$ cat upload27.pdb   # PDB, N, CA, C and O atoms
ATOM      1  N   MET H   1       0.852  -1.175   0.000
ATOM      2  CA  MET H   1       0.000   0.000   0.000
ATOM      3  C   MET H   1       0.897   1.237   0.000
ATOM      4  O   MET H   1       1.909   1.280   0.697
ATOM      5  N   PRO H   2       0.529   2.248  -0.769
ATOM      6  CA  PRO H   2       1.337   3.471  -0.803
ATOM      7  C   PRO H   2       1.417   4.133   0.575
ATOM      8  O   PRO H   2       0.482   4.058   1.360
ATOM      9  N   GLN H   3       2.535   4.780   0.854
ATOM     10  CA  GLN H   3       2.734   5.442   2.139
ATOM     11  C   GLN H   3       2.642   6.966   2.022
ATOM     12  O   GLN H   3       2.060   7.606   2.885
ATOM     13  N   VAL H   4       3.229   7.520   0.956
ATOM     14  CA  VAL H   4       3.287   8.968   0.790
ATOM     15  C   VAL H   4       3.024   9.312  -0.674
ATOM     16  O   VAL H   4       3.518   8.634  -1.569
ATOM     17  N   VAL H   5       2.254  10.350  -0.878
ATOM     18  CA  VAL H   5       2.044  10.888  -2.219
ATOM     19  C   VAL H   5       2.692  12.264  -2.250
ATOM     20  O   VAL H   5       2.408  13.116  -1.404
ATOM     21  N   THR H   6       3.577  12.480  -3.204
ATOM     22  CA  THR H   6       4.253  13.766  -3.358
ATOM     23  C   THR H   6       3.677  14.474  -4.577
ATOM     24  O   THR H   6       3.672  13.917  -5.674
ATOM     25  N   VAL H   7       3.194  15.690  -4.365
ATOM     26  CA  VAL H   7       2.651  16.486  -5.459
ATOM     27  C   VAL H   7       3.547  17.699  -5.635
ATOM     28  O   VAL H   7       3.765  18.460  -4.696
ATOM     29  N   THR H   8       4.082  17.874  -6.836
ATOM     30  CA  THR H   8       4.943  19.004  -7.146
ATOM     31  C   THR H   8       4.306  19.809  -8.262
ATOM     32  O   THR H   8       3.985  19.274  -9.318
ATOM     33  N   VAL H   9       4.104  21.099  -8.016
ATOM     34  CA  VAL H   9       3.578  22.001  -9.029
ATOM     35  C   VAL H   9       4.709  22.923  -9.434
ATOM     36  O   VAL H   9       5.222  23.695  -8.620
ATOM     37  N   ASP H  10       5.131  22.830 -10.690
ATOM     38  CA  ASP H  10       6.247  23.613 -11.200
ATOM     39  C   ASP H  10       5.709  24.686 -12.133
ATOM     40  O   ASP H  10       5.155  24.385 -13.190
ATOM     41  N   ARG H  11       5.849  25.934 -11.703
ATOM     42  CA  ARG H  11       5.427  27.065 -12.531
ATOM     43  C   ARG H  11       6.683  27.793 -12.992
ATOM     44  O   ARG H  11       7.583  28.044 -12.204
ATOM     45  N   SER H  12       6.745  28.119 -14.260
ATOM     46  CA  SER H  12       7.972  28.681 -14.815
ATOM     47  C   SER H  12       8.314  30.051 -14.230
ATOM     48  O   SER H  12       9.471  30.423 -14.166
ATOM     49  N   ASP H  13       7.321  30.811 -13.784
ATOM     50  CA  ASP H  13       7.591  32.157 -13.290
ATOM     51  C   ASP H  13       7.798  32.224 -11.778
ATOM     52  O   ASP H  13       8.169  33.260 -11.251
ATOM     53  N   ARG H  14       7.593  31.110 -11.049
ATOM     54  CA  ARG H  14       7.739  31.100  -9.592
ATOM     55  C   ARG H  14       8.467  29.844  -9.141
ATOM     56  O   ARG H  14       8.743  28.960  -9.927
ATOM     57  N   ARG H  15       8.728  29.786  -7.829
ATOM     58  CA  ARG H  15       9.335  28.590  -7.264
ATOM     59  C   ARG H  15       8.346  27.437  -7.305
ATOM     60  O   ARG H  15       7.143  27.640  -7.166
ATOM     61  N   PRO H  16       8.834  26.217  -7.456
ATOM     62  CA  PRO H  16       7.921  25.065  -7.438
ATOM     63  C   PRO H  16       7.321  24.850  -6.040
ATOM     64  O   PRO H  16       7.953  25.151  -5.031
ATOM     65  N   ILE H  17       6.119  24.338  -6.012
ATOM     66  CA  ILE H  17       5.442  24.008  -4.759
ATOM     67  C   ILE H  17       5.480  22.487  -4.614
ATOM     68  O   ILE H  17       5.102  21.769  -5.540
ATOM     69  N   ARG H  18       5.934  21.999  -3.465
ATOM     70  CA  ARG H  18       5.997  20.556  -3.230
ATOM     71  C   ARG H  18       5.206  20.243  -1.963
ATOM     72  O   ARG H  18       5.425  20.851  -0.924
ATOM     73  N   ILE H  19       4.286  19.282  -2.079
ATOM     74  CA  ILE H  19       3.436  18.890  -0.962
ATOM     75  C   ILE H  19       3.570  17.381  -0.758
ATOM     76  O   ILE H  19       3.443  16.616  -1.709
ATOM     77  N   TRP H  20       3.828  16.968   0.486
ATOM     78  CA  TRP H  20       3.880  15.554   0.828
ATOM     79  C   TRP H  20       2.594  15.214   1.574
ATOM     80  O   TRP H  20       2.262  15.837   2.575
ATOM     81  N   VAL H  21       1.866  14.216   1.090
ATOM     82  CA  VAL H  21       0.596  13.817   1.695
ATOM     83  C   VAL H  21       0.736  12.374   2.192
ATOM     84  O   VAL H  21       0.858  11.454   1.383
ATOM     85  N   PRO H  22       0.701  12.164   3.521
ATOM     86  CA  PRO H  22       0.746  10.791   4.025
ATOM     87  C   PRO H  22      -0.598  10.096   3.755
ATOM     88  O   PRO H  22      -1.660  10.657   3.995
ATOM     89  N   VAL H  23      -0.551   8.886   3.248
ATOM     90  CA  VAL H  23      -1.758   8.191   2.804
ATOM     91  C   VAL H  23      -2.597   7.686   3.977
ATOM     92  O   VAL H  23      -3.819   7.818   3.969
ATOM     93  N   LEU H  24      -1.964   7.097   4.990
ATOM     94  CA  LEU H  24      -2.713   6.478   6.081
ATOM     95  C   LEU H  24      -3.638   7.453   6.816
ATOM     96  O   LEU H  24      -4.816   7.137   7.011
ATOM     97  N   PRO H  25      -3.189   8.657   7.226
ATOM     98  CA  PRO H  25      -4.126   9.579   7.882
ATOM     99  C   PRO H  25      -5.285   9.999   6.972
ATOM    100  O   PRO H  25      -6.410  10.150   7.438
ATOM    101  N   VAL H  26      -5.012  10.150   5.684
ATOM    102  CA  VAL H  26      -6.083  10.526   4.752
ATOM    103  C   VAL H  26      -7.100   9.398   4.648
ATOM    104  O   VAL H  26      -8.310   9.640   4.655
ATOM    105  N   VAL H  27      -6.629   8.160   4.580
ATOM    106  CA  VAL H  27      -7.545   7.013   4.511
ATOM    107  C   VAL H  27      -8.360   6.904   5.797
ATOM    108  O   VAL H  27      -9.562   6.617   5.749
ATOM    109  N   LEU H  28      -7.737   7.136   6.948
ATOM    110  CA  LEU H  28      -8.466   7.068   8.211
ATOM    111  C   LEU H  28      -9.550   8.132   8.295
ATOM    112  O   LEU H  28     -10.647   7.870   8.791
ATOM    113  N   VAL H  29      -9.256   9.325   7.815
ATOM    114  CA  VAL H  29     -10.257  10.397   7.838
ATOM    115  C   VAL H  29     -11.392  10.091   6.859
ATOM    116  O   VAL H  29     -12.566  10.336   7.155
ATOM    117  N   LEU H  30     -11.047   9.530   5.715
ATOM    118  CA  LEU H  30     -12.056   9.235   4.691
ATOM    119  C   LEU H  30     -12.621   7.819   4.810
ATOM    120  O   LEU H  30     -13.301   7.346   3.892
ATOM    121  N   PHE H  31     -12.370   7.116   5.926
ATOM    122  CA  PHE H  31     -12.796   5.735   6.077
ATOM    123  C   PHE H  31     -14.296   5.526   5.867
ATOM    124  O   PHE H  31     -14.688   4.557   5.195
ATOM    125  N   PRO H  32     -15.181   6.395   6.392
ATOM    126  CA  PRO H  32     -16.608   6.178   6.124
ATOM    127  C   PRO H  32     -16.940   6.211   4.629
ATOM    128  O   PRO H  32     -17.758   5.426   4.144
ATOM    129  N   VAL H  33     -16.291   7.075   3.887
ATOM    130  CA  VAL H  33     -16.521   7.140   2.437
ATOM    131  C   VAL H  33     -15.979   5.884   1.766
ATOM    132  O   VAL H  33     -16.608   5.339   0.850
ATOM    133  N   VAL H  34     -14.821   5.404   2.228
ATOM    134  CA  VAL H  34     -14.226   4.194   1.666
ATOM    135  C   VAL H  34     -15.159   3.001   1.878
ATOM    136  O   VAL H  34     -15.355   2.185   0.972
ATOM    137  N   VAL H  35     -15.761   2.907   3.064
ATOM    138  CA  VAL H  35     -16.698   1.813   3.344
ATOM    139  C   VAL H  35     -17.891   1.885   2.397
ATOM    140  O   VAL H  35     -18.326   0.867   1.846
ATOM    141  N   LEU H  36     -18.439   3.072   2.188
ATOM    142  CA  LEU H  36     -19.575   3.226   1.269
ATOM    143  C   LEU H  36     -19.194   2.861  -0.164
ATOM    144  O   LEU H  36     -19.971   2.230  -0.886
ATOM    145  N   VAL H  37     -17.995   3.222  -0.584
ATOM    146  CA  VAL H  37     -17.542   2.886  -1.940
ATOM    147  C   VAL H  37     -17.379   1.381  -2.094
ATOM    148  O   VAL H  37     -17.764   0.806  -3.125
ATOM    149  N   VAL H  38     -16.830   0.724  -1.087
ATOM    150  CA  VAL H  38     -16.674  -0.732  -1.152
ATOM    151  C   VAL H  38     -18.038  -1.414  -1.195
ATOM    152  O   VAL H  38     -18.258  -2.346  -1.973
ATOM    153  N   LEU H  39     -18.979  -0.944  -0.385
ATOM    154  CA  LEU H  39     -20.331  -1.520  -0.417
ATOM    155  C   LEU H  39     -20.994  -1.305  -1.780
ATOM    156  O   LEU H  39     -21.653  -2.208  -2.310
ATOM    157  N   ALA H  40     -20.821  -0.123  -2.357
ATOM    158  CA  ALA H  40     -21.378   0.143  -3.689
ATOM    159  C   ALA H  40     -20.725  -0.749  -4.735
ATOM    160  O   ALA H  40     -21.401  -1.237  -5.657
ATOM    161  N   ALA H  41     -19.426  -1.000  -4.595
ATOM    162  CA  ALA H  41     -18.732  -1.884  -5.532
ATOM    163  C   ALA H  41     -19.252  -3.313  -5.408
ATOM    164  O   ALA H  41     -19.433  -4.008  -6.416
ATOM    165  N   ILE H  42     -19.522  -3.755  -4.184
ATOM    166  CA  ILE H  42     -20.069  -5.105  -3.989
ATOM    167  C   ILE H  42     -21.447  -5.221  -4.617
ATOM    168  O   ILE H  42     -21.754  -6.202  -5.297
ATOM    169  N   VAL H  43     -22.296  -4.215  -4.422
ATOM    170  CA  VAL H  43     -23.630  -4.222  -5.040
ATOM    171  C   VAL H  43     -23.508  -4.224  -6.558
ATOM    172  O   VAL H  43     -24.223  -4.959  -7.246
ATOM    173  N   ALA H  44     -22.602  -3.430  -7.105
ATOM    174  CA  ALA H  44     -22.409  -3.394  -8.557
ATOM    175  C   ALA H  44     -21.930  -4.748  -9.074
ATOM    176  O   ALA H  44     -22.368  -5.197 -10.143
ATOM    177  N   CYS H  45     -21.064  -5.408  -8.325
ATOM    178  CA  CYS H  45     -20.600  -6.742  -8.738
ATOM    179  C   CYS H  45     -21.745  -7.740  -8.768
ATOM    180  O   CYS H  45     -21.845  -8.556  -9.687
ATOM    181  N   VAL H  46     -22.615  -7.665  -7.779
ATOM    182  CA  VAL H  46     -23.767  -8.581  -7.750
ATOM    183  C   VAL H  46     -24.713  -8.287  -8.902
ATOM    184  O   VAL H  46     -25.206  -9.198  -9.569
ATOM    185  N   VAL H  47     -24.983  -7.008  -9.153
ATOM    186  CA  VAL H  47     -25.907  -6.630 -10.223
ATOM    187  C   VAL H  47     -25.376  -7.070 -11.584
ATOM    188  O   VAL H  47     -26.124  -7.585 -12.416
ATOM    189  N   PHE H  48     -24.080  -6.879 -11.825
ATOM    190  CA  PHE H  48     -23.500  -7.204 -13.124
ATOM    191  C   PHE H  48     -22.904  -8.611 -13.176
ATOM    192  O   PHE H  48     -22.210  -8.955 -14.133
ATOM    193  N   ARG H  49     -23.168  -9.415 -12.138
ATOM    194  CA  ARG H  49     -22.732 -10.812 -12.077
ATOM    195  C   ARG H  49     -21.223 -10.977 -12.239
ATOM    196  O   ARG H  49     -20.739 -11.753 -13.058
ATOM    197  N   ILE H  50     -20.495 -10.201 -11.449
ATOM    198  CA  ILE H  50     -19.036 -10.282 -11.415
ATOM    199  C   ILE H  50     -18.658 -10.874 -10.069
ATOM    200  O   ILE H  50     -19.267 -10.559  -9.043
ATOM    201  N   GLY H  51     -17.669 -11.742 -10.040
ATOM    202  CA  GLY H  51     -17.227 -12.336  -8.778
ATOM    203  C   GLY H  51     -16.719 -11.266  -7.818
ATOM    204  O   GLY H  51     -15.755 -10.565  -8.122
ATOM    205  N   VAL H  52     -17.367 -11.156  -6.671
ATOM    206  CA  VAL H  52     -17.028 -10.107  -5.705
ATOM    207  C   VAL H  52     -15.603 -10.287  -5.190
ATOM    208  O   VAL H  52     -14.826  -9.324  -5.132
ATOM    209  N   VAL H  53     -15.246 -11.496  -4.825
ATOM    210  CA  VAL H  53     -13.910 -11.746  -4.275
ATOM    211  C   VAL H  53     -12.839 -11.454  -5.320
ATOM    212  O   VAL H  53     -11.813 -10.826  -5.021
ATOM    213  N   ARG H  54     -13.078 -11.866  -6.558
ATOM    214  CA  ARG H  54     -12.095 -11.602  -7.617
ATOM    215  C   ARG H  54     -11.982 -10.107  -7.903
ATOM    216  O   ARG H  54     -10.885  -9.591  -8.139
ATOM    217  N   ALA H  55     -13.095  -9.383  -7.905
ATOM    218  CA  ALA H  55     -13.069  -7.942  -8.170
ATOM    219  C   ALA H  55     -12.332  -7.190  -7.059
ATOM    220  O   ALA H  55     -11.504  -6.314  -7.329
ATOM    221  N   LEU H  56     -12.633  -7.542  -5.792
ATOM    222  CA  LEU H  56     -11.934  -6.881  -4.692
ATOM    223  C   LEU H  56     -10.453  -7.252  -4.672
ATOM    224  O   LEU H  56      -9.602  -6.420  -4.353
ATOM    225  N   GLY H  57     -10.131  -8.492  -5.037
ATOM    226  CA  GLY H  57      -8.732  -8.899  -5.134
ATOM    227  C   GLY H  57      -7.990  -8.136  -6.215
ATOM    228  O   GLY H  57      -6.846  -7.713  -6.035
ATOM    229  N   ALA H  58      -8.648  -7.941  -7.361
ATOM    230  CA  ALA H  58      -8.029  -7.169  -8.446
ATOM    231  C   ALA H  58      -7.820  -5.717  -8.025
ATOM    232  O   ALA H  58      -6.774  -5.119  -8.320
ATOM    233  N   ALA H  59      -8.800  -5.134  -7.333
ATOM    234  CA  ALA H  59      -8.657  -3.750  -6.859
ATOM    235  C   ALA H  59      -7.496  -3.643  -5.869
ATOM    236  O   ALA H  59      -6.717  -2.682  -5.916
ATOM    237  N   TRP H  60      -7.356  -4.632  -4.985
ATOM    238  CA  TRP H  60      -6.255  -4.616  -4.024
ATOM    239  C   TRP H  60      -4.903  -4.719  -4.730
ATOM    240  O   TRP H  60      -3.944  -4.069  -4.361
ATOM    241  N   ARG H  61      -4.832  -5.551  -5.776
ATOM    242  CA  ARG H  61      -3.572  -5.684  -6.517
ATOM    243  C   ARG H  61      -3.207  -4.375  -7.214
ATOM    244  O   ARG H  61      -2.035  -4.013  -7.283
ATOM    245  N   VAL H  62      -4.193  -3.654  -7.727
ATOM    246  CA  VAL H  62      -3.924  -2.355  -8.363
ATOM    247  C   VAL H  62      -3.408  -1.361  -7.325
ATOM    248  O   VAL H  62      -2.427  -0.643  -7.559
ATOM    249  N   ILE H  63      -4.040  -1.313  -6.169
ATOM    250  CA  ILE H  63      -3.597  -0.394  -5.112
ATOM    251  C   ILE H  63      -2.194  -0.765  -4.629
ATOM    252  O   ILE H  63      -1.360   0.110  -4.380
ATOM    253  N   SER H  64      -1.922  -2.046  -4.519
ATOM    254  CA  SER H  64      -0.598  -2.489  -4.065
ATOM    255  C   SER H  64       0.490  -2.182  -5.089
ATOM    256  O   SER H  64       1.662  -2.068  -4.732
ATOM    257  N   ALA H  65       0.130  -2.065  -6.345
ATOM    258  CA  ALA H  65       1.111  -1.790  -7.394
ATOM    259  C   ALA H  65       1.405  -0.299  -7.556
ATOM    260  O   ALA H  65       2.291   0.072  -8.322
ATOM    261  N   LEU H  66       0.691   0.568  -6.854
ATOM    262  CA  LEU H  66       0.867   2.011  -7.027
ATOM    263  C   LEU H  66       2.215   2.567  -6.556
ATOM    264  O   LEU H  66       2.714   3.509  -7.163
ATOM    265  N   PRO H  67       2.834   2.053  -5.475
ATOM    266  CA  PRO H  67       4.110   2.649  -5.079
ATOM    267  C   PRO H  67       5.128   2.600  -6.217
ATOM    268  O   PRO H  67       5.325   1.584  -6.856
ATOM    269  N   GLY H  68       5.741   3.743  -6.462
ATOM    270  CA  GLY H  68       6.704   3.857  -7.548
ATOM    271  C   GLY H  68       6.114   4.495  -8.794
ATOM    272  O   GLY H  68       6.842   4.814  -9.730
ATOM    273  N   ALA H  69       4.802   4.692  -8.812
ATOM    274  CA  ALA H  69       4.159   5.296  -9.988
ATOM    275  C   ALA H  69       4.382   6.808 -10.000
ATOM    276  O   ALA H  69       4.437   7.455  -8.963
ATOM    277  N   ARG H  70       4.531   7.351 -11.203
ATOM    278  CA  ARG H  70       4.691   8.801 -11.391
ATOM    279  C   ARG H  70       3.742   9.258 -12.479
ATOM    280  O   ARG H  70       3.606   8.610 -13.512
ATOM    281  N   PHE H  71       3.079  10.370 -12.243
ATOM    282  CA  PHE H  71       2.171  10.954 -13.221
ATOM    283  C   PHE H  71       2.626  12.381 -13.496
ATOM    284  O   PHE H  71       2.711  13.196 -12.579
ATOM    285  N   ASP H  72       2.949  12.669 -14.743
ATOM    286  CA  ASP H  72       3.373  14.008 -15.148
ATOM    287  C   ASP H  72       2.278  14.622 -16.005
ATOM    288  O   ASP H  72       1.846  14.029 -16.993
ATOM    289  N   ILE H  73       1.871  15.836 -15.649
ATOM    290  CA  ILE H  73       0.851  16.554 -16.406
ATOM    291  C   ILE H  73       1.394  17.948 -16.683
ATOM    292  O   ILE H  73       1.846  18.640 -15.769
ATOM    293  N   ALA H  74       1.363  18.371 -17.936
ATOM    294  CA  ALA H  74       1.850  19.701 -18.301
ATOM    295  C   ALA H  74       0.780  20.425 -19.101
ATOM    296  O   ALA H  74       0.170  19.863 -20.010
ATOM    297  N   GLN H  75       0.562  21.682 -18.746
ATOM    298  CA  GLN H  75      -0.388  22.520 -19.463
ATOM    299  C   GLN H  75       0.200  23.927 -19.508
ATOM    300  O   GLN H  75       0.321  24.591 -18.486
ATOM    301  N   GLY H  76       0.551  24.344 -20.683
ATOM    302  CA  GLY H  76       1.150  25.668 -20.825
ATOM    303  C   GLY H  76       2.458  25.753 -20.073
ATOM    304  O   GLY H  76       3.364  24.948 -20.255
ATOM    305  N   ARG H  77       2.574  26.754 -19.176
ATOM    306  CA  ARG H  77       3.804  26.944 -18.423
ATOM    307  C   ARG H  77       3.777  26.267 -17.059
ATOM    308  O   ARG H  77       4.681  26.440 -16.268
ATOM    309  N   THR H  78       2.719  25.502 -16.774
ATOM    310  CA  THR H  78       2.586  24.835 -15.484
ATOM    311  C   THR H  78       2.685  23.318 -15.688
ATOM    312  O   THR H  78       2.076  22.767 -16.580
ATOM    313  N   ALA H  79       3.458  22.676 -14.821
ATOM    314  CA  ALA H  79       3.597  21.226 -14.845
ATOM    315  C   ALA H  79       3.312  20.677 -13.449
ATOM    316  O   ALA H  79       3.709  21.270 -12.457
ATOM    317  N   VAL H  80       2.603  19.557 -13.391
ATOM    318  CA  VAL H  80       2.283  18.907 -12.114
ATOM    319  C   VAL H  80       2.850  17.487 -12.168
ATOM    320  O   VAL H  80       2.632  16.755 -13.127
ATOM    321  N   LEU H  81       3.587  17.126 -11.143
ATOM    322  CA  LEU H  81       4.148  15.783 -11.002
ATOM    323  C   LEU H  81       3.569  15.172  -9.738
ATOM    324  O   LEU H  81       3.653  15.748  -8.670
ATOM    325  N   VAL H  82       2.963  13.989  -9.869
ATOM    326  CA  VAL H  82       2.450  13.244  -8.728
ATOM    327  C   VAL H  82       3.258  11.957  -8.641
ATOM    328  O   VAL H  82       3.251  11.168  -9.580
ATOM    329  N   ALA H  83       3.965  11.779  -7.533
ATOM    330  CA  ALA H  83       4.784  10.579  -7.316
ATOM    331  C   ALA H  83       4.241   9.843  -6.103
ATOM    332  O   ALA H  83       4.035  10.430  -5.041
ATOM    333  N   ILE H  84       3.995   8.541  -6.265
ATOM    334  CA  ILE H  84       3.455   7.720  -5.181
ATOM    335  C   ILE H  84       4.565   6.826  -4.681
ATOM    336  O   ILE H  84       5.191   6.117  -5.449
ATOM    337  N   ARG H  85       4.803   6.858  -3.367
ATOM    338  CA  ARG H  85       5.868   6.047  -2.771
ATOM    339  C   ARG H  85       5.296   5.043  -1.818
ATOM    340  O   ARG H  85       4.375   5.233  -1.151
TER     341      ARG H  85
END
$ encode --input "upload27.pdb" --output "structure tokens"
Amino acid sequence: MPQVVTVTVDRSDRRPIRIWVPVLPVVLVLFPVVVLVVLAAIVACVVFRIGVVRALGAAWRVISALPGARFDIAQGRTAVLVAIR
């Protein structure tokens, strides 16, 4: 599971802004929403006849694979880098 998400906003006319977001406190604060999303996913799996255990296992594997991922987005003179550790 990812531990820290680093967001860097690089603007050509100013200093870059770097923000470190710890994942665990954010998940704990958003836990009620996470529970509702998981319940909605289970209902959707039942409605569309998808194996619930396999779907949740696949979602867990995707989340576990996130550490080390980098997302670069550039628009005009502003660039945003999101790095998951």
$ axis_aligned_box --input "upload27.pdb" --around "stretch 2-11 of chain H" --padding-each-side "4 Å" --output "lines of an AutoDock Vina configuration file"
center_x = 4.0
center_y = 15.1
center_z = -5.2
size_x = 15.1
size_y = 33.8
size_z = 24.1
$ residues_around --input "upload27.pdb" --residues "H:Ser12" --least-positions-apart "5" --cutoff "8 Å" --atoms "all atoms listed in the file" --output "list in words"
Gly76, Arg77, Thr78 and Ala79 of chain H
$ resolve_selection --input "upload27.pdb" --expression "the PyMOL selection byres (((chain H and resi 64-68 and name CA) around 6) and name CA)" --output "PyMOL selection string"
chain H and resi 1-2+61-63+69+84-85
$ write_last_selection --input "upload27.pdb" --atoms "N, CA, C and O atoms" --output "PDB file, in the frame of the given file"
ATOM      1  N   MET H   1       0.852  -1.175   0.000  1.00  0.00           N
ATOM      2  CA  MET H   1       0.000   0.000   0.000  1.00  0.00           C
ATOM      3  C   MET H   1       0.897   1.237   0.000  1.00  0.00           C
ATOM      4  O   MET H   1       1.909   1.280   0.697  1.00  0.00           O
ATOM      5  N   PRO H   2       0.529   2.248  -0.769  1.00  0.00           N
ATOM      6  CA  PRO H   2       1.337   3.471  -0.803  1.00  0.00           C
ATOM      7  C   PRO H   2       1.417   4.133   0.575  1.00  0.00           C
ATOM      8  O   PRO H   2       0.482   4.058   1.360  1.00  0.00           O
ATOM      9  N   ARG H  61      -4.832  -5.551  -5.776  1.00  0.00           N
ATOM     10  CA  ARG H  61      -3.572  -5.684  -6.517  1.00  0.00           C
ATOM     11  C   ARG H  61      -3.207  -4.375  -7.214  1.00  0.00           C
ATOM     12  O   ARG H  61      -2.035  -4.013  -7.283  1.00  0.00           O
ATOM     13  N   VAL H  62      -4.193  -3.654  -7.727  1.00  0.00           N
ATOM     14  CA  VAL H  62      -3.924  -2.355  -8.363  1.00  0.00           C
ATOM     15  C   VAL H  62      -3.408  -1.361  -7.325  1.00  0.00           C
ATOM     16  O   VAL H  62      -2.427  -0.643  -7.559  1.00  0.00           O
ATOM     17  N   ILE H  63      -4.040  -1.313  -6.169  1.00  0.00           N
ATOM     18  CA  ILE H  63      -3.597  -0.394  -5.112  1.00  0.00           C
ATOM     19  C   ILE H  63      -2.194  -0.765  -4.629  1.00  0.00           C
ATOM     20  O   ILE H  63      -1.360   0.110  -4.380  1.00  0.00           O
ATOM     21  N   ALA H  69       4.802   4.692  -8.812  1.00  0.00           N
ATOM     22  CA  ALA H  69       4.159   5.296  -9.988  1.00  0.00           C
ATOM     23  C   ALA H  69       4.382   6.808 -10.000  1.00  0.00           C
ATOM     24  O   ALA H  69       4.437   7.455  -8.963  1.00  0.00           O
ATOM     25  N   ILE H  84       3.995   8.541  -6.265  1.00  0.00           N
ATOM     26  CA  ILE H  84       3.455   7.720  -5.181  1.00  0.00           C
ATOM     27  C   ILE H  84       4.565   6.826  -4.681  1.00  0.00           C
ATOM     28  O   ILE H  84       5.191   6.117  -5.449  1.00  0.00           O
ATOM     29  N   ARG H  85       4.803   6.858  -3.367  1.00  0.00           N
ATOM     30  CA  ARG H  85       5.868   6.047  -2.771  1.00  0.00           C
ATOM     31  C   ARG H  85       5.296   5.043  -1.818  1.00  0.00           C
ATOM     32  O   ARG H  85       4.375   5.233  -1.151  1.00  0.00           O
TER      33      ARG H  85
END
$ atom_distance --input "upload27.pdb" --atom1 "atom CA of H:Val29" --atom2 "atom CA of H:Val46"
28.0 Å
$ residues_near_point --input "upload27.pdb" --point "(5.3, 16.3, -2.0)" --cutoff "4.5 Å" --atoms "all atoms listed in the file" --output "PDB file with N, CA, C and O atoms, in the frame of the given file"
ATOM      1  N   VAL H   5       2.254  10.350  -0.878  1.00  0.00           N
ATOM      2  CA  VAL H   5       2.044  10.888  -2.219  1.00  0.00           C
ATOM      3  C   VAL H   5       2.692  12.264  -2.250  1.00  0.00           C
ATOM      4  O   VAL H   5       2.408  13.116  -1.404  1.00  0.00           O
ATOM      5  N   THR H   6       3.577  12.480  -3.204  1.00  0.00           N
ATOM      6  CA  THR H   6       4.253  13.766  -3.358  1.00  0.00           C
ATOM      7  C   THR H   6       3.677  14.474  -4.577  1.00  0.00           C
ATOM      8  O   THR H   6       3.672  13.917  -5.674  1.00  0.00           O
ATOM      9  N   VAL H   7       3.194  15.690  -4.365  1.00  0.00           N
ATOM     10  CA  VAL H   7       2.651  16.486  -5.459  1.00  0.00           C
ATOM     11  C   VAL H   7       3.547  17.699  -5.635  1.00  0.00           C
ATOM     12  O   VAL H   7       3.765  18.460  -4.696  1.00  0.00           O
ATOM     13  N   ARG H  18       5.934  21.999  -3.465  1.00  0.00           N
ATOM     14  CA  ARG H  18       5.997  20.556  -3.230  1.00  0.00           C
ATOM     15  C   ARG H  18       5.206  20.243  -1.963  1.00  0.00           C
ATOM     16  O   ARG H  18       5.425  20.851  -0.924  1.00  0.00           O
ATOM     17  N   ILE H  19       4.286  19.282  -2.079  1.00  0.00           N
ATOM     18  CA  ILE H  19       3.436  18.890  -0.962  1.00  0.00           C
ATOM     19  C   ILE H  19       3.570  17.381  -0.758  1.00  0.00           C
ATOM     20  O   ILE H  19       3.443  16.616  -1.709  1.00  0.00           O
ATOM     21  N   TRP H  20       3.828  16.968   0.486  1.00  0.00           N
ATOM     22  CA  TRP H  20       3.880  15.554   0.828  1.00  0.00           C
ATOM     23  C   TRP H  20       2.594  15.214   1.574  1.00  0.00           C
ATOM     24  O   TRP H  20       2.262  15.837   2.575  1.00  0.00           O
TER      25      TRP H  20
END
$ residues_around --input "upload27.pdb" --residues "H:Ile17" --least-positions-apart "2" --cutoff "7 Å" --atoms "only N, CA, C and O atoms" --output "MDAnalysis selection string"
chainID H and resid 7:11 14:15 19 81
$ write_last_selection --input "upload27.pdb" --atoms "N, CA, C and O atoms" --output "short mmCIF file (atom, residue, chain, number, x, y, z; two decimals), in the frame of the given file"
data_model
loop_
_atom_site.label_atom_id
_atom_site.label_comp_id
_atom_site.auth_asym_id
_atom_site.auth_seq_id
_atom_site.Cartn_x
_atom_site.Cartn_y
_atom_site.Cartn_z
N VAL H 7 3.19 15.69 -4.36
CA VAL H 7 2.65 16.49 -5.46
C VAL H 7 3.55 17.70 -5.64
O VAL H 7 3.76 18.46 -4.70
N THR H 8 4.08 17.87 -6.84
CA THR H 8 4.94 19.00 -7.15
C THR H 8 4.31 19.81 -8.26
O THR H 8 3.98 19.27 -9.32
N VAL H 9 4.10 21.10 -8.02
CA VAL H 9 3.58 22.00 -9.03
C VAL H 9 4.71 22.92 -9.43
O VAL H 9 5.22 23.70 -8.62
N ASP H 10 5.13 22.83 -10.69
CA ASP H 10 6.25 23.61 -11.20
C ASP H 10 5.71 24.69 -12.13
O ASP H 10 5.16 24.38 -13.19
N ARG H 11 5.85 25.93 -11.70
CA ARG H 11 5.43 27.06 -12.53
C ARG H 11 6.68 27.79 -12.99
O ARG H 11 7.58 28.04 -12.20
N ARG H 14 7.59 31.11 -11.05
CA ARG H 14 7.74 31.10 -9.59
C ARG H 14 8.47 29.84 -9.14
O ARG H 14 8.74 28.96 -9.93
N ARG H 15 8.73 29.79 -7.83
CA ARG H 15 9.34 28.59 -7.26
C ARG H 15 8.35 27.44 -7.30
O ARG H 15 7.14 27.64 -7.17
N ILE H 19 4.29 19.28 -2.08
CA ILE H 19 3.44 18.89 -0.96
C ILE H 19 3.57 17.38 -0.76
O ILE H 19 3.44 16.62 -1.71
N LEU H 81 3.59 17.13 -11.14
CA LEU H 81 4.15 15.78 -11.00
C LEU H 81 3.57 15.17 -9.74
O LEU H 81 3.65 15.75 -8.67
#
$ resolve_selection --input "upload27.pdb" --expression "the PyMOL selection byres (((chain H and resi 24 and name CA) around 12) and name CA)" --output "MDAnalysis selection string"
chainID H and resid 1:5 21:23 25:31
$ select_by_dssp --input "upload27.pdb" --residues "chain H" --states "strand (DSSP E or B)" --output "MDAnalysis selection string"
chainID H and resid 4:11 17:22 70:75 78:84
$ atom_distance --input "upload27.pdb" --atom1 "atom CA of H:Cys45" --atom2 "atom CA of H:Val33"
18.3 Å
$ atom_distance --input "upload27.pdb" --atom1 "atom CA of H:Gly51" --atom2 "atom C of H:Val37"
15.3 Å
